[in-house]
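Peer 1: Below are the structure tokens for one structure; questions will follow.
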Amino acid sequence: MLAESALIDCDYYSYNIIRKIHGETIYANNYVHSSVRAYLNGSKYWIKPAENVDMYVDGGYFKVGFLQTAFTEEEQNLILTTEVKNDLRSLYADDATKIKESVFASDYTTSDKIFLLSRQEITRKEYGFSSKYNSACIRFPSDFAAFRGVVISYREDKQGTFWWLRSPVPKEDVNQVNQYLVFVDSPGGFSTIGISHLGVVPALCID
């Protein structure tokens with residue numbers, strides 16, 4: 001299931017920095033360690049070190065994220081845990097060049113109740129999408145998201161909001177790509193942006 005509106009707005013990650021977590025280099029556009037994933041599931045994520053403190057601290061969404069505040073306990077029990085793949089093949093299965101060139105995806109599969117779609121998933125015909133601009137991708141903001149200032153775009157007869165995908169941008173597309181991600185624009189196409197404050201269209205599977 002995919003939300004019919006951009007329900008909320010959220011930073012993908014709060015800082016344009018490269019982190020080291022357990023010795024591994026983590027770029028700002030890494031979905032596994034993103035603040036948006038932590039927010040959706042009410043899980044922990046590690047922000048940049050506090051000043052003068054040589055450690056990472058939790059961002060504060062643990063057990064108080066979207067999952068816990070938008071759904072009752074009974075509803076949460078109906079939501080399945082989905083194995084969310086974040087490797088290059090699952091993010092860009094339709095483009096061998098991007099698979100070869102991108103270096104910012106994660107090899108880790110996450111187990112999430114709520115997740116963002118990938119660039120590959122949002123083009124699958126069996127989900128009702130297509131490879132280019134299509135109305136199935138257009139989303140309008142909820143009243144709550146609009147009140148919080150999510151971007152609303154008006155272009156001729158196409159209007160809507162911008163919303164996150166979980167796919168990082170391949171390195172040949174833009175500069176400083178360790179900070180850039182793919183998002184769905186208001187006419188239902190795809191574009192790229194640095195980590196910022198965009199709409200969130202949650203996806204989930206139910207029993």
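How things are named: the first chain in the structure tokens is A, the next is B, and so on; residues count from 1 in each chain; ligands count from 1 in the order shown.
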Can you tell me, as an MDAnalysis selection string, what residues are no more than 10 Å from region 76-91 of chain A when counting only C-alpha atoms, ignoring any on the same chain fewer than 2 positions away?
Peer 2: chainID A and resid 30:32 67:68 70:74 93:96 98:122 165:168 170 204:207
Peer 1: Which residues are close to Ile18 (chain A), i.e. within 9 Å by only C-alpha atoms, leaving aside same-chain residues fewer than 6 positions away? Reply as a PDB file with N, CA and C atoms, in the first residue's frame.
Peer 2:
ATOM      1  N   THR A  25      32.087   4.123   6.336  1.00  0.00           N
ATOM      2  CA  THR A  25      31.767   5.455   5.836  1.00  0.00           C
ATOM      3  C   THR A  25      30.295   5.523   5.456  1.00  0.00           C
ATOM      4  N   ILE A  26      29.581   6.480   6.039  1.00  0.00           N
ATOM      5  CA  ILE A  26      28.150   6.639   5.793  1.00  0.00           C
ATOM      6  C   ILE A  26      27.908   8.015   5.191  1.00  0.00           C
ATOM      7  N   TYR A  27      27.410   8.056   3.960  1.00  0.00           N
ATOM      8  CA  TYR A  27      27.129   9.316   3.297  1.00  0.00           C
ATOM      9  C   TYR A  27      25.750   9.832   3.710  1.00  0.00           C
ATOM     10  N   ALA A  28      25.533  11.114   3.470  1.00  0.00           N
ATOM     11  CA  ALA A  28      24.287  11.742   3.903  1.00  0.00           C
ATOM     12  C   ALA A  28      23.066  11.161   3.203  1.00  0.00           C
ATOM     13  N   LYS A  48      25.333  13.473  14.001  1.00  0.00           N
ATOM     14  CA  LYS A  48      26.745  13.827  14.106  1.00  0.00           C
ATOM     15  C   LYS A  48      27.139  13.944  15.578  1.00  0.00           C
ATOM     16  N   ASN A 178      27.146  12.585  -2.892  1.00  0.00           N
ATOM     17  CA  ASN A 178      26.971  11.904  -1.613  1.00  0.00           C
ATOM     18  C   ASN A 178      25.882  12.564  -0.772  1.00  0.00           C
ATOM     19  N   GLN A 179      25.358  13.695  -1.253  1.00  0.00           N
ATOM     20  CA  GLN A 179      24.271  14.387  -0.565  1.00  0.00           C
ATOM     21  C   GLN A 179      22.964  14.363  -1.364  1.00  0.00           C
TER      22      GLN A 179
END
Peer 1: Pick out each residue of region 3-147 of chain A that DSSP on the backbone tags as helix (DSSP H, G or I); I need them as number ranges by chain.
Peer 2: A: 35-41, 66-70, 73-78, 88-91, 96-101, 121-123, 125-127, 135-137, 143-147
Peer 1: Can you work out which one of A:Tyr127, A:Tyr39, A:Trp46, A:Phe62 has the shortest atom-to-atom distance to Met1 (chain A), counting only C-alpha atoms?
Peer 2: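 That would be A:Tyr127, the residue with the smallest distance to Met1 (chain A).
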Peer 1: Choose the residue, out of A:Ser5, A:Asn41, A:Ser142, A:Ser34, that has the smallest atom-to-atom separation from Ile17 (chain A); count only C-alpha atoms.
Peer 2: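 Using only C-alpha atoms, the shortest distance to Ile17 (chain A) belongs to A:Ser34.
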Peer 1: Which residue is closest to Cys10 (chain A)? Choose from A:Gly160, A:Gly189, A:Gly149, A:Gly128 and count only C-alpha atoms.
Peer 2: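 Closest to Cys10 (chain A), using only C-alpha atoms: A:Gly149.
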Peer 1: With only C-alpha atoms as the atoms that count, which of A:Val151, A:Ala38, A:Ala136, A:Val169 lies nearest to Gly199 (chain A)?
Peer 2: A:Val151
Peer 1: When distances are computed from only C-alpha atoms, which of A:Ile195, A:Val184, A:Leu40, A:Val64 shows the smallest separation from Trp163 (chain A)?
Peer 2: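 Selected residue with least distance to Trp163 (chain A): A:Val184.
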Peer 1: Any chance you could list, as a VMD selection string, the residues in chain A that come up strand (DSSP E or B) when DSSP is run on the backbone?
Peer 2: chain A and resid 2 5 to 6 8 to 11 19 to 21 24 to 26 46 58 79 82 to 84 110 to 112 115 140 to 141 152 to 155 158 to 161 163 to 168 180 to 184 190 to 194 197 to 200 203 206
Peer 1: Quick one: of A:Ile193, A:Val36, A:Val177, A:Ala3, who's nearest to Ile138 (chain A), counting only C-alpha atoms?
Peer 2: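 Selected residue with least distance to Ile138 (chain A): A:Ala3.
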Peer 1: Do you have the CA of Ser14 (chain A)-CA of His33 (chain A) distance handy?
Peer 2: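 Going from CA of Ser14 (chain A) over to CA of His33 (chain A) covers 11.2 Å.
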Peer 1: Can you measure CA of His197 (chain A) to CA of Asp9 (chain A) for me? One decimal in Å is fine.
Peer 2: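 Distance between the two atoms: 6.5 Å.
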Peer 1: Could you give me, as a list in words, the residues within 6 Å of Ser186 (chain A), counting only C-alpha atoms and dropping anything in the same chain fewer than 2 positions from it?
Peer 2: Gln159, Gly160, Thr161, Phe162 and Gly188 of chain A
